[in-house]
$ cat final.cif   # mmCIF, N, CA and C atoms
data_coords
#
loop_
_atom_site.label_atom_id
_atom_site.label_comp_id
_atom_site.auth_asym_id
_atom_site.auth_seq_id
_atom_site.Cartn_x
_atom_site.Cartn_y
_atom_site.Cartn_z
N MET A 1 45.76 12.96 -20.64
CA MET A 1 44.69 12.07 -20.99
C MET A 1 43.42 12.59 -20.32
N ALA A 2 42.37 12.62 -21.07
CA ALA A 2 41.09 13.11 -20.55
C ALA A 2 40.38 12.00 -19.78
N ALA A 3 39.87 12.38 -18.67
CA ALA A 3 39.12 11.41 -17.86
C ALA A 3 37.69 11.33 -18.37
N SER A 4 37.22 10.15 -18.52
CA SER A 4 35.84 10.00 -18.97
C SER A 4 34.92 10.05 -17.77
N THR A 5 33.82 10.69 -17.96
CA THR A 5 32.84 10.76 -16.90
C THR A 5 31.62 9.97 -17.31
N THR A 6 31.16 9.21 -16.40
CA THR A 6 29.93 8.46 -16.65
C THR A 6 28.92 8.84 -15.59
N VAL A 7 27.73 8.92 -16.01
CA VAL A 7 26.64 9.23 -15.10
C VAL A 7 26.09 7.92 -14.56
N PRO A 8 26.08 7.78 -13.25
CA PRO A 8 25.54 6.51 -12.73
C PRO A 8 24.05 6.41 -13.03
N VAL A 9 23.66 5.24 -13.43
CA VAL A 9 22.26 4.98 -13.75
C VAL A 9 21.59 4.43 -12.50
N ARG A 10 20.48 5.03 -12.14
CA ARG A 10 19.73 4.57 -10.97
C ARG A 10 18.72 3.53 -11.42
N HIS A 11 18.91 2.34 -10.94
CA HIS A 11 18.00 1.25 -11.29
C HIS A 11 16.99 1.03 -10.18
N GLN A 12 15.79 0.71 -10.58
CA GLN A 12 14.78 0.32 -9.61
C GLN A 12 15.09 -1.12 -9.25
N GLY A 13 15.41 -1.35 -8.00
CA GLY A 13 15.79 -2.69 -7.57
C GLY A 13 14.63 -3.67 -7.68
N SER A 14 14.96 -4.92 -7.52
CA SER A 14 13.91 -5.93 -7.61
C SER A 14 12.91 -5.80 -6.47
N LEU A 15 13.33 -5.17 -5.36
CA LEU A 15 12.40 -4.95 -4.25
C LEU A 15 11.30 -3.97 -4.63
N GLY A 16 11.59 -3.05 -5.55
CA GLY A 16 10.59 -2.09 -6.00
C GLY A 16 9.44 -2.74 -6.76
N VAL A 17 9.65 -3.93 -7.26
CA VAL A 17 8.59 -4.67 -7.95
C VAL A 17 8.09 -5.82 -7.07
N ALA A 18 9.00 -6.47 -6.38
CA ALA A 18 8.63 -7.65 -5.58
C ALA A 18 7.74 -7.29 -4.40
N LEU A 19 8.03 -6.18 -3.74
CA LEU A 19 7.23 -5.81 -2.56
C LEU A 19 5.78 -5.48 -2.92
N PRO A 20 5.52 -4.62 -3.92
CA PRO A 20 4.12 -4.38 -4.29
C PRO A 20 3.41 -5.65 -4.79
N LEU A 21 4.13 -6.48 -5.51
CA LEU A 21 3.54 -7.72 -6.00
C LEU A 21 3.17 -8.65 -4.85
N THR A 22 4.06 -8.77 -3.88
CA THR A 22 3.79 -9.61 -2.72
C THR A 22 2.62 -9.06 -1.91
N LEU A 23 2.60 -7.75 -1.69
CA LEU A 23 1.49 -7.13 -0.97
C LEU A 23 0.17 -7.33 -1.71
N GLY A 24 0.20 -7.22 -3.04
CA GLY A 24 -1.01 -7.42 -3.83
C GLY A 24 -1.54 -8.84 -3.74
N VAL A 25 -0.64 -9.81 -3.78
CA VAL A 25 -1.06 -11.22 -3.69
C VAL A 25 -1.65 -11.50 -2.31
N ILE A 26 -0.98 -11.03 -1.26
CA ILE A 26 -1.50 -11.25 0.09
C ILE A 26 -2.85 -10.57 0.27
N TYR A 27 -2.96 -9.35 -0.21
CA TYR A 27 -4.22 -8.61 -0.09
C TYR A 27 -5.33 -9.30 -0.87
N GLY A 28 -5.04 -9.77 -2.07
CA GLY A 28 -6.05 -10.45 -2.88
C GLY A 28 -6.53 -11.74 -2.26
N VAL A 29 -5.61 -12.53 -1.72
CA VAL A 29 -5.99 -13.77 -1.05
C VAL A 29 -6.82 -13.47 0.19
N TRP A 30 -6.41 -12.45 0.93
CA TRP A 30 -7.15 -12.07 2.14
C TRP A 30 -8.56 -11.60 1.78
N ALA A 31 -8.68 -10.80 0.74
CA ALA A 31 -10.00 -10.31 0.32
C ALA A 31 -10.89 -11.48 -0.12
N ALA A 32 -10.34 -12.40 -0.89
CA ALA A 32 -11.13 -13.56 -1.32
C ALA A 32 -11.54 -14.42 -0.14
N PHE A 33 -10.65 -14.57 0.83
CA PHE A 33 -10.96 -15.38 2.02
C PHE A 33 -12.08 -14.74 2.83
N ILE A 34 -12.03 -13.42 3.00
CA ILE A 34 -13.08 -12.74 3.76
C ILE A 34 -14.40 -12.78 2.99
N ALA A 35 -14.34 -12.59 1.68
CA ALA A 35 -15.57 -12.54 0.87
C ALA A 35 -16.31 -13.87 0.84
N ARG A 36 -15.60 -14.96 0.99
CA ARG A 36 -16.29 -16.26 0.92
C ARG A 36 -17.16 -16.50 2.13
N GLY A 37 -16.89 -15.84 3.24
CA GLY A 37 -17.76 -15.90 4.41
C GLY A 37 -17.94 -17.27 5.01
N GLY A 38 -16.92 -18.11 4.98
CA GLY A 38 -17.02 -19.44 5.58
C GLY A 38 -17.65 -20.47 4.67
N GLU A 39 -18.07 -20.09 3.49
CA GLU A 39 -18.67 -21.03 2.54
C GLU A 39 -17.61 -21.44 1.53
N GLY A 40 -18.03 -22.14 0.50
CA GLY A 40 -17.12 -22.55 -0.53
C GLY A 40 -16.62 -21.38 -1.37
N LEU A 41 -15.45 -21.54 -1.91
CA LEU A 41 -14.86 -20.50 -2.74
C LEU A 41 -15.53 -20.50 -4.12
N THR A 42 -16.00 -19.33 -4.55
CA THR A 42 -16.67 -19.22 -5.84
C THR A 42 -15.81 -18.41 -6.80
N ALA A 43 -16.22 -18.40 -8.05
CA ALA A 43 -15.49 -17.62 -9.06
C ALA A 43 -15.57 -16.13 -8.76
N GLY A 44 -16.68 -15.70 -8.19
CA GLY A 44 -16.83 -14.30 -7.82
C GLY A 44 -15.84 -13.89 -6.73
N ASP A 45 -15.61 -14.79 -5.76
CA ASP A 45 -14.63 -14.52 -4.71
C ASP A 45 -13.23 -14.43 -5.28
N ILE A 46 -12.92 -15.33 -6.18
CA ILE A 46 -11.60 -15.31 -6.82
C ILE A 46 -11.43 -14.05 -7.66
N GLY A 47 -12.45 -13.68 -8.40
CA GLY A 47 -12.39 -12.45 -9.20
C GLY A 47 -12.20 -11.22 -8.33
N LEU A 48 -12.92 -11.17 -7.23
CA LEU A 48 -12.76 -10.05 -6.30
C LEU A 48 -11.34 -10.00 -5.76
N GLY A 49 -10.79 -11.14 -5.39
CA GLY A 49 -9.42 -11.19 -4.88
C GLY A 49 -8.40 -10.75 -5.91
N VAL A 50 -8.58 -11.18 -7.16
CA VAL A 50 -7.65 -10.80 -8.22
C VAL A 50 -7.70 -9.29 -8.48
N VAL A 51 -8.90 -8.75 -8.59
CA VAL A 51 -9.04 -7.32 -8.85
C VAL A 51 -8.52 -6.49 -7.68
N ALA A 52 -8.88 -6.87 -6.46
CA ALA A 52 -8.42 -6.12 -5.29
C ALA A 52 -6.91 -6.20 -5.15
N GLY A 53 -6.35 -7.39 -5.33
CA GLY A 53 -4.90 -7.55 -5.24
C GLY A 53 -4.17 -6.78 -6.31
N PHE A 54 -4.70 -6.79 -7.53
CA PHE A 54 -4.09 -6.04 -8.62
C PHE A 54 -4.12 -4.54 -8.34
N ALA A 55 -5.24 -4.06 -7.84
CA ALA A 55 -5.37 -2.63 -7.54
C ALA A 55 -4.37 -2.20 -6.46
N VAL A 56 -4.26 -2.99 -5.41
CA VAL A 56 -3.32 -2.64 -4.34
C VAL A 56 -1.88 -2.72 -4.84
N ALA A 57 -1.56 -3.73 -5.63
CA ALA A 57 -0.20 -3.85 -6.16
C ALA A 57 0.16 -2.66 -7.04
N VAL A 58 -0.76 -2.25 -7.91
CA VAL A 58 -0.49 -1.11 -8.79
C VAL A 58 -0.34 0.17 -7.99
N LEU A 59 -1.22 0.39 -7.02
CA LEU A 59 -1.14 1.60 -6.21
C LEU A 59 0.14 1.64 -5.38
N CYS A 60 0.54 0.51 -4.81
CA CYS A 60 1.80 0.45 -4.06
C CYS A 60 3.00 0.70 -4.98
N PHE A 61 2.98 0.12 -6.16
CA PHE A 61 4.07 0.33 -7.11
C PHE A 61 4.17 1.80 -7.52
N LEU A 62 3.04 2.41 -7.83
CA LEU A 62 3.05 3.82 -8.23
C LEU A 62 3.49 4.73 -7.09
N LEU A 63 3.05 4.45 -5.89
CA LEU A 63 3.47 5.25 -4.74
C LEU A 63 4.96 5.08 -4.49
N GLY A 64 5.46 3.88 -4.63
CA GLY A 64 6.89 3.64 -4.47
C GLY A 64 7.74 4.35 -5.50
N ARG A 65 7.22 4.46 -6.72
CA ARG A 65 7.98 5.13 -7.79
C ARG A 65 7.97 6.65 -7.66
N THR A 66 6.92 7.20 -7.08
CA THR A 66 6.80 8.66 -7.03
C THR A 66 7.04 9.24 -5.64
N GLN A 67 7.36 8.43 -4.65
CA GLN A 67 7.44 8.92 -3.29
C GLN A 67 8.57 9.93 -3.08
N LYS A 68 9.66 9.81 -3.78
CA LYS A 68 10.78 10.74 -3.58
C LYS A 68 10.47 12.14 -4.09
N ALA A 69 9.51 12.27 -4.98
CA ALA A 69 9.14 13.58 -5.51
C ALA A 69 8.19 14.33 -4.58
N LEU A 70 7.66 13.65 -3.57
CA LEU A 70 6.70 14.26 -2.66
C LEU A 70 7.39 14.73 -1.39
N PRO A 71 6.93 15.85 -0.83
CA PRO A 71 7.44 16.23 0.48
C PRO A 71 6.97 15.21 1.53
N ARG A 72 7.68 15.16 2.65
CA ARG A 72 7.40 14.09 3.62
C ARG A 72 5.98 14.12 4.15
N GLU A 73 5.38 15.31 4.28
CA GLU A 73 4.01 15.38 4.79
C GLU A 73 3.02 14.76 3.81
N LEU A 74 3.19 15.09 2.54
CA LEU A 74 2.30 14.55 1.51
C LEU A 74 2.54 13.06 1.30
N ARG A 75 3.79 12.65 1.41
CA ARG A 75 4.12 11.22 1.29
C ARG A 75 3.49 10.43 2.42
N ALA A 76 3.56 10.94 3.65
CA ALA A 76 2.94 10.27 4.79
C ALA A 76 1.43 10.21 4.62
N ALA A 77 0.83 11.28 4.11
CA ALA A 77 -0.61 11.29 3.86
C ALA A 77 -0.98 10.27 2.79
N ALA A 78 -0.13 10.11 1.77
CA ALA A 78 -0.41 9.12 0.72
C ALA A 78 -0.35 7.70 1.27
N TYR A 79 0.66 7.42 2.09
CA TYR A 79 0.73 6.09 2.69
C TYR A 79 -0.45 5.85 3.63
N GLY A 80 -0.83 6.85 4.40
CA GLY A 80 -1.97 6.72 5.28
C GLY A 80 -3.27 6.49 4.52
N THR A 81 -3.44 7.22 3.42
CA THR A 81 -4.64 7.04 2.61
C THR A 81 -4.70 5.65 2.01
N LEU A 82 -3.58 5.17 1.49
CA LEU A 82 -3.55 3.82 0.91
C LEU A 82 -3.86 2.76 1.97
N ALA A 83 -3.25 2.89 3.14
CA ALA A 83 -3.50 1.92 4.21
C ALA A 83 -4.94 2.00 4.71
N GLY A 84 -5.45 3.21 4.89
CA GLY A 84 -6.81 3.38 5.39
C GLY A 84 -7.86 2.85 4.44
N CYS A 85 -7.71 3.16 3.17
CA CYS A 85 -8.68 2.66 2.18
C CYS A 85 -8.61 1.14 2.06
N SER A 86 -7.40 0.59 2.12
CA SER A 86 -7.25 -0.86 2.03
C SER A 86 -7.91 -1.57 3.19
N VAL A 87 -7.67 -1.08 4.40
CA VAL A 87 -8.27 -1.71 5.58
C VAL A 87 -9.78 -1.50 5.60
N GLY A 88 -10.23 -0.31 5.23
CA GLY A 88 -11.67 -0.04 5.19
C GLY A 88 -12.39 -0.94 4.21
N PHE A 89 -11.78 -1.17 3.04
CA PHE A 89 -12.41 -2.07 2.06
C PHE A 89 -12.46 -3.49 2.57
N LEU A 90 -11.36 -3.97 3.14
CA LEU A 90 -11.37 -5.34 3.68
C LEU A 90 -12.41 -5.48 4.78
N HIS A 91 -12.54 -4.46 5.61
CA HIS A 91 -13.52 -4.53 6.69
C HIS A 91 -14.95 -4.49 6.14
N SER A 92 -15.15 -3.82 5.00
CA SER A 92 -16.49 -3.77 4.42
C SER A 92 -16.93 -5.13 3.89
N LEU A 93 -15.98 -6.01 3.61
CA LEU A 93 -16.32 -7.35 3.13
C LEU A 93 -16.90 -8.23 4.22
N THR A 94 -16.80 -7.80 5.47
CA THR A 94 -17.32 -8.59 6.59
C THR A 94 -18.78 -8.30 6.89
N ASP A 95 -19.42 -7.48 6.09
CA ASP A 95 -20.83 -7.11 6.24
C ASP A 95 -21.10 -6.32 7.52
N GLU A 96 -20.12 -5.58 7.96
CA GLU A 96 -20.32 -4.65 9.09
C GLU A 96 -20.99 -3.39 8.55
N SER A 97 -21.40 -2.52 9.46
CA SER A 97 -22.03 -1.27 9.03
C SER A 97 -20.99 -0.38 8.34
N ILE A 98 -21.48 0.49 7.48
CA ILE A 98 -20.59 1.36 6.74
C ILE A 98 -19.85 2.32 7.66
N LEU A 99 -20.52 2.74 8.75
CA LEU A 99 -19.86 3.64 9.69
C LEU A 99 -18.68 2.97 10.39
N ARG A 100 -18.84 1.71 10.73
CA ARG A 100 -17.73 0.98 11.36
C ARG A 100 -16.58 0.80 10.37
N CYS A 101 -16.90 0.50 9.13
CA CYS A 101 -15.86 0.32 8.11
C CYS A 101 -15.10 1.62 7.86
N VAL A 102 -15.83 2.72 7.78
CA VAL A 102 -15.18 4.02 7.58
C VAL A 102 -14.34 4.37 8.80
N GLY A 103 -14.86 4.10 9.99
CA GLY A 103 -14.11 4.37 11.20
C GLY A 103 -12.83 3.57 11.28
N MET A 104 -12.89 2.30 10.91
CA MET A 104 -11.68 1.47 10.89
C MET A 104 -10.68 2.00 9.88
N GLY A 105 -11.17 2.38 8.70
CA GLY A 105 -10.28 2.91 7.68
C GLY A 105 -9.61 4.21 8.11
N ILE A 106 -10.39 5.11 8.71
CA ILE A 106 -9.82 6.38 9.18
C ILE A 106 -8.83 6.14 10.30
N GLY A 107 -9.15 5.23 11.21
CA GLY A 107 -8.24 4.93 12.31
C GLY A 107 -6.91 4.37 11.83
N PHE A 108 -6.98 3.36 10.97
CA PHE A 108 -5.75 2.77 10.46
C PHE A 108 -5.00 3.75 9.56
N GLY A 109 -5.73 4.52 8.78
CA GLY A 109 -5.08 5.51 7.93
C GLY A 109 -4.35 6.57 8.73
N ALA A 110 -4.98 7.05 9.80
CA ALA A 110 -4.33 8.06 10.64
C ALA A 110 -3.10 7.48 11.33
N ALA A 111 -3.20 6.25 11.80
CA ALA A 111 -2.05 5.61 12.44
C ALA A 111 -0.91 5.39 11.44
N ALA A 112 -1.24 4.96 10.24
CA ALA A 112 -0.21 4.74 9.22
C ALA A 112 0.43 6.06 8.79
N ALA A 113 -0.38 7.10 8.67
CA ALA A 113 0.17 8.41 8.30
C ALA A 113 1.09 8.94 9.38
N ALA A 114 0.69 8.80 10.64
CA ALA A 114 1.53 9.27 11.74
C ALA A 114 2.83 8.48 11.82
N ALA A 115 2.74 7.17 11.68
CA ALA A 115 3.95 6.35 11.72
C ALA A 115 4.87 6.65 10.54
N SER A 116 4.29 6.82 9.37
CA SER A 116 5.09 7.15 8.19
C SER A 116 5.77 8.49 8.35
N TYR A 117 5.05 9.47 8.83
CA TYR A 117 5.64 10.80 9.02
C TYR A 117 6.78 10.73 10.03
N TYR A 118 6.60 10.00 11.09
CA TYR A 118 7.65 9.87 12.09
C TYR A 118 8.90 9.24 11.47
N ILE A 119 8.70 8.18 10.71
CA ILE A 119 9.84 7.51 10.06
C ILE A 119 10.52 8.45 9.08
N PHE A 120 9.76 9.12 8.24
CA PHE A 120 10.35 10.04 7.26
C PHE A 120 11.07 11.20 7.96
N TYR A 121 10.50 11.72 9.00
CA TYR A 121 11.07 12.88 9.70
C TYR A 121 12.37 12.53 10.42
N THR A 122 12.44 11.32 10.99
CA THR A 122 13.63 10.95 11.74
C THR A 122 14.73 10.33 10.89
N HIS A 123 14.42 9.89 9.70
CA HIS A 123 15.43 9.22 8.88
C HIS A 123 15.88 10.02 7.66
N GLU A 124 15.35 11.20 7.47
CA GLU A 124 15.75 12.02 6.33
C GLU A 124 16.50 13.25 6.83
N PRO A 125 17.45 13.72 6.04
CA PRO A 125 18.19 14.93 6.46
C PRO A 125 17.35 16.17 6.43
#
$ encode --input "final.cif" --output "structure tokens"
Amino acid sequence: MAASTTVPVRHQGSLGVALPLTLGVIYGVWAAFIARGGEGLTAGDIGLGVVAGFAVAVLCFLLGRTQKALPRELRAAAYGTLAGCSVGFLHSLTDESILRCVGMGIGFGAAAAAASYYIFYTHEP
């Protein structure tokens, strides 16, 4: 009798969609909260939050889907870039100087890239 062979199908788990969606919602609410500046919530603040949250959710989802195809150095740089740009944008909503916002983004991005590289390097064969 011939043995049948089946190829296992790799499914993207619900965490692959739920995590970027959750991060996007949190980021959008945070952006709208910062943009309102202690005043009443306006439609512009809500629109900013929706767009910012959607952008972060899509970028996180795409990075999650393509991360295995990247070498660990490039993957760590991608995570660092995403984190740095996200933090820099949120900090720019506080009406600080552009140099401080860029500095915060670079600082957080470098820390996220270093932490990501360490995790990838120690947990991968």
$ atom_distance --input "final.cif" --atom1 "CA of Ala18 (chain A)" --atom2 "atom N of Ala55 (chain A)"
14.5 Å
$ residues_around --input "final.cif" --residues "Ala110 (chain A)" --least-positions-apart "2" --cutoff "10 Å" --atoms "only C-alpha atoms" --output "MDAnalysis selection string"
chainID A and resid 76:77 79:81 83:84 104:108 112:116
$ atom_distance --input "final.cif" --atom1 "CA of Gly64 (chain A)" --atom2 "CA of Glu124 (chain A)"
16.3 Å
$ closest_residue --input "final.cif" --among "A:Val17, A:Ile98, A:Leu93, A:Ala31" --to "Ala52 (chain A)" --atoms "only C-alpha atoms"
A:Ala31
$ closest_residue --input "final.cif" --among "A:Gly37, A:Phe54, A:Phe61, A:Leu90" --to "Ser14 (chain A)" --atoms "only C-alpha atoms"
A:Phe61
$ residues_around --input "final.cif" --residues "Phe33 (chain A)" --least-positions-apart "2" --cutoff "12 Å" --atoms "only C-alpha atoms" --output "number ranges by chain"
A: 26-31, 35-42, 44-50, 90, 93-94
$ write_last_selection --input "final.cif" --atoms "N, CA and C atoms" --output "tab-separated table (two decimals), in the coordinates of the input"
chain	number	residue	atom	x	y	z
A	26	ILE	N	-0.98	-11.03	-1.26
A	26	ILE	CA	-1.50	-11.25	0.09
A	26	ILE	C	-2.85	-10.57	0.27
A	27	TYR	N	-2.96	-9.35	-0.21
A	27	TYR	CA	-4.22	-8.61	-0.09
A	27	TYR	C	-5.33	-9.30	-0.87
A	28	GLY	N	-5.04	-9.77	-2.07
A	28	GLY	CA	-6.05	-10.45	-2.88
A	28	GLY	C	-6.53	-11.74	-2.26
A	29	VAL	N	-5.61	-12.53	-1.72
A	29	VAL	CA	-5.99	-13.77	-1.05
A	29	VAL	C	-6.82	-13.47	0.19
A	30	TRP	N	-6.41	-12.45	0.93
A	30	TRP	CA	-7.15	-12.07	2.14
A	30	TRP	C	-8.56	-11.60	1.78
A	31	ALA	N	-8.68	-10.80	0.74
A	31	ALA	CA	-10.00	-10.31	0.32
A	31	ALA	C	-10.89	-11.48	-0.12
A	35	ALA	N	-14.34	-12.59	1.68
A	35	ALA	CA	-15.57	-12.54	0.87
A	35	ALA	C	-16.31	-13.87	0.84
A	36	ARG	N	-15.60	-14.96	0.99
A	36	ARG	CA	-16.29	-16.26	0.92
A	36	ARG	C	-17.16	-16.50	2.13
A	37	GLY	N	-16.89	-15.84	3.24
A	37	GLY	CA	-17.76	-15.90	4.41
A	37	GLY	C	-17.94	-17.27	5.01
A	38	GLY	N	-16.92	-18.11	4.98
A	38	GLY	CA	-17.02	-19.44	5.58
A	38	GLY	C	-17.65	-20.47	4.67
A	39	GLU	N	-18.07	-20.09	3.49
A	39	GLU	CA	-18.67	-21.03	2.54
A	39	GLU	C	-17.61	-21.44	1.53
A	40	GLY	N	-18.03	-22.14	0.50
A	40	GLY	CA	-17.12	-22.55	-0.53
A	40	GLY	C	-16.62	-21.38	-1.37
A	41	LEU	N	-15.45	-21.54	-1.91
A	41	LEU	CA	-14.86	-20.50	-2.74
A	41	LEU	C	-15.53	-20.50	-4.12
A	42	THR	N	-16.00	-19.33	-4.55
A	42	THR	CA	-16.67	-19.22	-5.84
A	42	THR	C	-15.81	-18.41	-6.80
A	44	GLY	N	-16.68	-15.70	-8.19
A	44	GLY	CA	-16.83	-14.30	-7.82
A	44	GLY	C	-15.84	-13.89	-6.73
A	45	ASP	N	-15.61	-14.79	-5.76
A	45	ASP	CA	-14.63	-14.52	-4.71
A	45	ASP	C	-13.23	-14.43	-5.28
A	46	ILE	N	-12.92	-15.33	-6.18
A	46	ILE	CA	-11.60	-15.31	-6.82
A	46	ILE	C	-11.43	-14.05	-7.66
A	47	GLY	N	-12.45	-13.68	-8.40
A	47	GLY	CA	-12.39	-12.45	-9.20
A	47	GLY	C	-12.20	-11.22	-8.33
A	48	LEU	N	-12.92	-11.17	-7.23
A	48	LEU	CA	-12.76	-10.05	-6.30
A	48	LEU	C	-11.34	-10.00	-5.76
A	49	GLY	N	-10.79	-11.14	-5.39
A	49	GLY	CA	-9.42	-11.19	-4.88
A	49	GLY	C	-8.40	-10.75	-5.91
A	50	VAL	N	-8.58	-11.18	-7.16
A	50	VAL	CA	-7.65	-10.80	-8.22
A	50	VAL	C	-7.70	-9.29	-8.48
A	90	LEU	N	-11.36	-3.97	3.14
A	90	LEU	CA	-11.37	-5.34	3.68
A	90	LEU	C	-12.41	-5.48	4.78
A	93	LEU	N	-15.98	-6.01	3.61
A	93	LEU	CA	-16.32	-7.35	3.13
A	93	LEU	C	-16.90	-8.23	4.22
A	94	THR	N	-16.80	-7.80	5.47
A	94	THR	CA	-17.32	-8.59	6.59
A	94	THR	C	-18.78	-8.30	6.89
$ atom_distance --input "final.cif" --atom1 "atom N of Ile34 (chain A)" --atom2 "CA of Gly88 (chain A)"
13.6 Å
$ build_atoms --input "final.cif" --residues "region 109-124 of chain A" --atoms "N, CA, C and O atoms" --output "tab-separated table (two decimals), in the frame of the given file"
chain	number	residue	atom	x	y	z
A	109	GLY	N	-5.73	4.52	8.78
A	109	GLY	CA	-5.08	5.51	7.93
A	109	GLY	C	-4.35	6.57	8.73
A	109	GLY	O	-3.23	6.95	8.39
A	110	ALA	N	-4.98	7.05	9.80
A	110	ALA	CA	-4.33	8.06	10.64
A	110	ALA	C	-3.10	7.48	11.33
A	110	ALA	O	-2.06	8.15	11.41
A	111	ALA	N	-3.20	6.25	11.80
A	111	ALA	CA	-2.05	5.61	12.44
A	111	ALA	C	-0.91	5.39	11.44
A	111	ALA	O	0.27	5.63	11.77
A	112	ALA	N	-1.24	4.96	10.24
A	112	ALA	CA	-0.21	4.74	9.22
A	112	ALA	C	0.43	6.06	8.79
A	112	ALA	O	1.64	6.12	8.58
A	113	ALA	N	-0.38	7.10	8.67
A	113	ALA	CA	0.17	8.41	8.30
A	113	ALA	C	1.09	8.94	9.38
A	113	ALA	O	2.17	9.47	9.09
A	114	ALA	N	0.69	8.80	10.64
A	114	ALA	CA	1.53	9.27	11.74
A	114	ALA	C	2.83	8.48	11.82
A	114	ALA	O	3.91	9.07	11.99
A	115	ALA	N	2.74	7.17	11.68
A	115	ALA	CA	3.95	6.35	11.72
A	115	ALA	C	4.87	6.65	10.54
A	115	ALA	O	6.09	6.74	10.70
A	116	SER	N	4.29	6.82	9.37
A	116	SER	CA	5.09	7.15	8.19
A	116	SER	C	5.77	8.49	8.35
A	116	SER	O	6.96	8.64	8.03
A	117	TYR	N	5.05	9.47	8.83
A	117	TYR	CA	5.64	10.80	9.02
A	117	TYR	C	6.78	10.73	10.03
A	117	TYR	O	7.84	11.34	9.81
A	118	TYR	N	6.60	10.00	11.09
A	118	TYR	CA	7.65	9.87	12.09
A	118	TYR	C	8.90	9.24	11.47
A	118	TYR	O	10.02	9.71	11.69
A	119	ILE	N	8.70	8.18	10.71
A	119	ILE	CA	9.84	7.51	10.06
A	119	ILE	C	10.52	8.45	9.08
A	119	ILE	O	11.75	8.55	9.05
A	120	PHE	N	9.76	9.12	8.24
A	120	PHE	CA	10.35	10.04	7.26
A	120	PHE	C	11.07	11.20	7.96
A	120	PHE	O	12.15	11.61	7.53
A	121	TYR	N	10.50	11.72	9.00
A	121	TYR	CA	11.07	12.88	9.70
A	121	TYR	C	12.37	12.53	10.42
A	121	TYR	O	13.29	13.32	10.44
A	122	THR	N	12.44	11.32	10.99
A	122	THR	CA	13.63	10.95	11.74
A	122	THR	C	14.73	10.33	10.89
A	122	THR	O	15.88	10.28	11.33
A	123	HIS	N	14.42	9.89	9.70
A	123	HIS	CA	15.43	9.22	8.88
A	123	HIS	C	15.88	10.02	7.66
A	123	HIS	O	16.69	9.54	6.89
A	124	GLU	N	15.35	11.20	7.47
A	124	GLU	CA	15.75	12.02	6.33
A	124	GLU	C	16.50	13.25	6.83
A	124	GLU	O	16.21	13.75	7.90
